[in-house]
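Enquirer: Can you keep this structure in mind? I'll have questions shortly.
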Amino acid sequence: MFKKTLLAMTGASLLLGSMTAGAADYKIDKEGQHAFIQFRIQHLGYSWLYGTFKDFDGSFTFDEKNPAADKVDVTINTSSVDTNHAERDKHLRSADFLNSSKNPQATFKSTAVKKEGDELKITGDLTLNGVTKPVTLEAKMLGEGKDPWGGYRAGFEAEGEITLKDFNITKDLGPASQKVELMISVEGVRQ
């Protein structure tokens with residue numbers, strides 16, 4: 001009788017453990033520089049202008065078996081914009097674009113995650129230049145596993161697009177320069 005009870009308790013704890021082991025919280029590896037928020041926009045329709053935000057932080061929850069439980073929360077310091085051109089970066093921080101003195105941070109907080117094939121559709125509220133609008137990112141997992149320092153990591157890349165005027169950025173750069181493409185790559189350390 002004791003053996004049966006012990007076996008039943010062990011089996012129940014293993015089953016319960018396997019049901020809760022899927023969801024995990026991750027901190028974006030900002031210190032190790034394994035995360036990037038980049039963008040590109042057409043320059044007058046002749047070429048692409050690329051940029052990045054050097055200072056941001058965030059976290060995500062990932063549950064492979066239950067994507068609806070996934071969450072993403074990122075804060076970006078808008079004054080950290082870098083397009084490899086000091087005068088242009090100064091202009092991007094001005095009231096014409098990011099208005100960094102008035103709105104020093106942009107945020108993205110997910111509201112829904114859906115799995116479609118190998119991709120995740122992450123919908124969330126992007127707050128930029130004091131305006132909050134829904135944005136959908138198309139993401140895919142790059143990989144996950146143990147790292148050499150005893151931790152566990154997961155990496156994703158995502159793409160999306162925003163329209164400048166949606167975020168009260170009214171500086172007109174011409175018809176080819178109304179939308180900004182986002183390219184995001186993050187590696188998180190499981191907490």
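In the structure tokens, each chain is lettered A, B, ... as it comes, each chain's residues begin at 1, and ligands are numbered from 1 in order of appearance.
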Leaving out stretch 117-125 of chain A and any residue of its chain fewer than 6 positions from it, which residues lie within 12 Å of it when counting only C-alpha atoms, given as a VMD selection string?

Expert: chain A and resid 60 62 to 64 66 to 75 106 to 111 131 to 142 156 to 160 162 167

Enquirer: Mind dumping the selected residues with N, CA, C and O atoms as a compact mmCIF listing (two decimals), in the first residue's frame?

Expert:
```txt
# COMPACT_ATOMS: atom_id res chain seq x y z
N PHE A 60 10.61 39.10 -21.23
CA PHE A 60 9.53 38.38 -21.91
C PHE A 60 9.26 37.07 -21.19
O PHE A 60 10.11 36.54 -20.47
N PHE A 62 7.93 33.22 -22.05
CA PHE A 62 7.78 32.31 -23.19
C PHE A 62 7.28 30.97 -22.71
O PHE A 62 7.84 30.36 -21.80
N ASP A 63 6.20 30.52 -23.33
CA ASP A 63 5.64 29.19 -23.07
C ASP A 63 5.34 28.57 -24.42
O ASP A 63 4.36 28.93 -25.07
N GLU A 64 6.19 27.67 -24.86
CA GLU A 64 6.06 27.07 -26.19
C GLU A 64 4.72 26.39 -26.40
O GLU A 64 4.14 26.45 -27.48
N ASN A 66 1.87 27.13 -24.84
CA ASN A 66 0.73 28.03 -24.63
C ASN A 66 1.12 29.46 -24.99
O ASN A 66 1.32 30.29 -24.12
N PRO A 67 1.23 29.77 -26.29
CA PRO A 67 1.65 31.11 -26.71
C PRO A 67 0.76 32.24 -26.18
O PRO A 67 1.23 33.36 -26.00
N ALA A 68 -0.50 31.94 -25.89
CA ALA A 68 -1.39 32.97 -25.35
C ALA A 68 -0.90 33.49 -24.00
O ALA A 68 -1.25 34.59 -23.59
N ALA A 69 -0.06 32.71 -23.32
CA ALA A 69 0.49 33.14 -22.03
C ALA A 69 1.77 33.96 -22.17
O ALA A 69 2.28 34.51 -21.21
N ASP A 70 2.30 34.04 -23.41
CA ASP A 70 3.54 34.78 -23.64
C ASP A 70 3.32 36.28 -23.44
O ASP A 70 2.23 36.80 -23.73
N LYS A 71 4.37 36.96 -23.00
CA LYS A 71 4.31 38.40 -22.78
C LYS A 71 5.64 39.03 -23.18
O LYS A 71 6.69 38.40 -23.06
N VAL A 72 5.58 40.29 -23.61
CA VAL A 72 6.78 41.06 -23.94
C VAL A 72 6.61 42.44 -23.33
O VAL A 72 5.53 43.04 -23.43
N ASP A 73 7.66 42.95 -22.71
CA ASP A 73 7.63 44.28 -22.10
C ASP A 73 9.01 44.92 -22.30
O ASP A 73 10.00 44.43 -21.75
N VAL A 74 9.07 45.99 -23.12
CA VAL A 74 10.35 46.62 -23.45
C VAL A 74 10.24 48.13 -23.27
O VAL A 74 9.22 48.73 -23.61
N THR A 75 11.29 48.73 -22.72
CA THR A 75 11.40 50.18 -22.59
C THR A 75 12.65 50.64 -23.32
O THR A 75 13.74 50.09 -23.12
N ALA A 106 10.20 55.22 -25.01
CA ALA A 106 9.18 54.53 -25.80
C ALA A 106 9.00 53.17 -25.15
O ALA A 106 9.95 52.61 -24.59
N THR A 107 7.79 52.64 -25.20
CA THR A 107 7.53 51.34 -24.59
C THR A 107 6.73 50.45 -25.54
O THR A 107 5.97 50.95 -26.37
N PHE A 108 6.94 49.15 -25.38
CA PHE A 108 6.11 48.16 -26.08
C PHE A 108 5.66 47.15 -25.04
O PHE A 108 6.49 46.54 -24.36
N LYS A 109 4.34 46.97 -24.92
CA LYS A 109 3.77 45.99 -23.99
C LYS A 109 2.81 45.12 -24.79
O LYS A 109 1.84 45.63 -25.34
N SER A 110 3.09 43.83 -24.83
CA SER A 110 2.26 42.94 -25.62
C SER A 110 0.86 42.82 -25.02
O SER A 110 0.67 42.93 -23.80
N THR A 111 -0.11 42.61 -25.90
CA THR A 111 -1.50 42.39 -25.47
C THR A 111 -2.00 41.02 -25.93
O THR A 111 -2.97 40.52 -25.39
N VAL A 131 2.30 58.96 -27.98
CA VAL A 131 1.12 58.36 -28.60
C VAL A 131 1.20 56.85 -28.46
O VAL A 131 2.25 56.26 -28.68
N THR A 132 0.08 56.23 -28.10
CA THR A 132 0.02 54.77 -27.97
C THR A 132 -0.87 54.20 -29.07
O THR A 132 -2.01 54.63 -29.22
N LYS A 133 -0.31 53.26 -29.82
CA LYS A 133 -1.04 52.60 -30.91
C LYS A 133 -0.71 51.12 -30.91
O LYS A 133 0.41 50.72 -30.54
N PRO A 134 -1.65 50.28 -31.38
CA PRO A 134 -1.34 48.85 -31.50
C PRO A 134 -0.39 48.59 -32.67
O PRO A 134 -0.51 49.22 -33.72
N VAL A 135 0.54 47.68 -32.45
CA VAL A 135 1.51 47.27 -33.47
C VAL A 135 1.61 45.75 -33.41
O VAL A 135 1.58 45.18 -32.32
N THR A 136 1.73 45.12 -34.57
CA THR A 136 1.93 43.67 -34.60
C THR A 136 3.32 43.37 -35.15
O THR A 136 3.72 43.89 -36.19
N LEU A 137 4.04 42.53 -34.41
CA LEU A 137 5.37 42.07 -34.83
C LEU A 137 5.27 40.61 -35.24
O LEU A 137 4.56 39.82 -34.62
N GLU A 138 5.99 40.26 -36.30
CA GLU A 138 6.10 38.86 -36.70
C GLU A 138 7.42 38.34 -36.18
O GLU A 138 8.48 38.84 -36.56
N ALA A 139 7.36 37.34 -35.31
CA ALA A 139 8.56 36.85 -34.63
C ALA A 139 8.76 35.37 -34.89
O ALA A 139 7.82 34.64 -35.19
N LYS A 140 10.01 34.96 -34.74
CA LYS A 140 10.31 33.53 -34.76
C LYS A 140 11.44 33.24 -33.79
O LYS A 140 12.32 34.08 -33.56
N MET A 141 11.37 32.05 -33.24
CA MET A 141 12.41 31.64 -32.30
C MET A 141 13.65 31.25 -33.08
O MET A 141 13.58 30.55 -34.10
N LEU A 142 14.81 31.71 -32.59
CA LEU A 142 16.08 31.35 -33.20
C LEU A 142 16.68 30.12 -32.53
O LEU A 142 17.36 29.33 -33.17
N PHE A 156 15.07 35.28 -30.05
CA PHE A 156 14.02 35.52 -31.05
C PHE A 156 14.42 36.68 -31.95
O PHE A 156 15.20 37.55 -31.55
N GLU A 157 13.85 36.68 -33.16
CA GLU A 157 13.95 37.86 -34.00
C GLU A 157 12.53 38.23 -34.42
O GLU A 157 11.65 37.37 -34.50
N ALA A 158 12.33 39.53 -34.65
CA ALA A 158 11.00 40.02 -35.01
C ALA A 158 11.11 41.16 -36.00
O ALA A 158 12.13 41.86 -36.05
N GLU A 159 10.06 41.32 -36.78
CA GLU A 159 9.97 42.42 -37.74
C GLU A 159 8.60 43.06 -37.62
O GLU A 159 7.62 42.39 -37.28
N GLY A 160 8.55 44.34 -37.93
CA GLY A 160 7.29 45.06 -37.93
C GLY A 160 7.43 46.34 -38.71
O GLY A 160 8.50 46.63 -39.26
N ILE A 162 5.88 50.59 -38.75
CA ILE A 162 5.03 51.65 -38.20
C ILE A 162 4.97 52.80 -39.20
O ILE A 162 5.88 52.98 -40.02
N PHE A 167 2.15 58.23 -35.01
CA PHE A 167 2.76 58.57 -33.72
C PHE A 167 3.06 60.08 -33.64
O PHE A 167 3.97 60.50 -32.93
```

Enquirer: Give me, as a short mmCIF file (atom, residue, chain, number, x, y, z; two decimals) with N, CA, C and O atoms, in the first residue's frame, all polymer residues having an atom no more than 7 Å from A:Arg93, counting only C-alpha atoms and skipping those fewer than 6 positions away in the same chain.

Expert:
```
data_model
loop_
_atom_site.label_atom_id
_atom_site.label_comp_id
_atom_site.auth_asym_id
_atom_site.auth_seq_id
_atom_site.Cartn_x
_atom_site.Cartn_y
_atom_site.Cartn_z
N SER A 79 16.59 58.88 -26.54
CA SER A 79 17.79 59.69 -26.79
C SER A 79 18.98 58.83 -27.22
O SER A 79 20.00 59.35 -27.65
N ASN A 99 11.17 63.68 -30.17
CA ASN A 99 10.89 64.61 -29.07
C ASN A 99 11.39 64.04 -27.73
O ASN A 99 10.65 63.94 -26.76
N SER A 100 12.66 63.64 -27.72
CA SER A 100 13.23 62.92 -26.58
C SER A 100 13.22 63.72 -25.28
O SER A 100 13.13 63.12 -24.21
#
```

Enquirer: Identify, with DSSP run on backbone atoms, the residues in stretch 13-161 of chain A assigned to strand (DSSP E), and express the list as an MDAnalysis selection string.

Expert: chainID A and resid 24:28 35:43 47:53 56:62 71:77 81:82 105:116 119:128 131:146 152:161

Enquirer: Of the candidates A:Lys171, A:Arg153, A:Lys27, A:Lys146, which shows the shortest atom-to-atom distance to A:Thr61, using only C-alpha atoms?

Expert: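 Of all the options, A:Lys27 lies closest to A:Thr61.
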
Enquirer: With distances taken over only C-alpha atoms, which residue among A:Gln105, A:Gln38, A:Thr52, A:Asn77 lies nearest A:Leu182?

Expert: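 Answer, going by the shortest atom-to-atom distance: A:Gln38.
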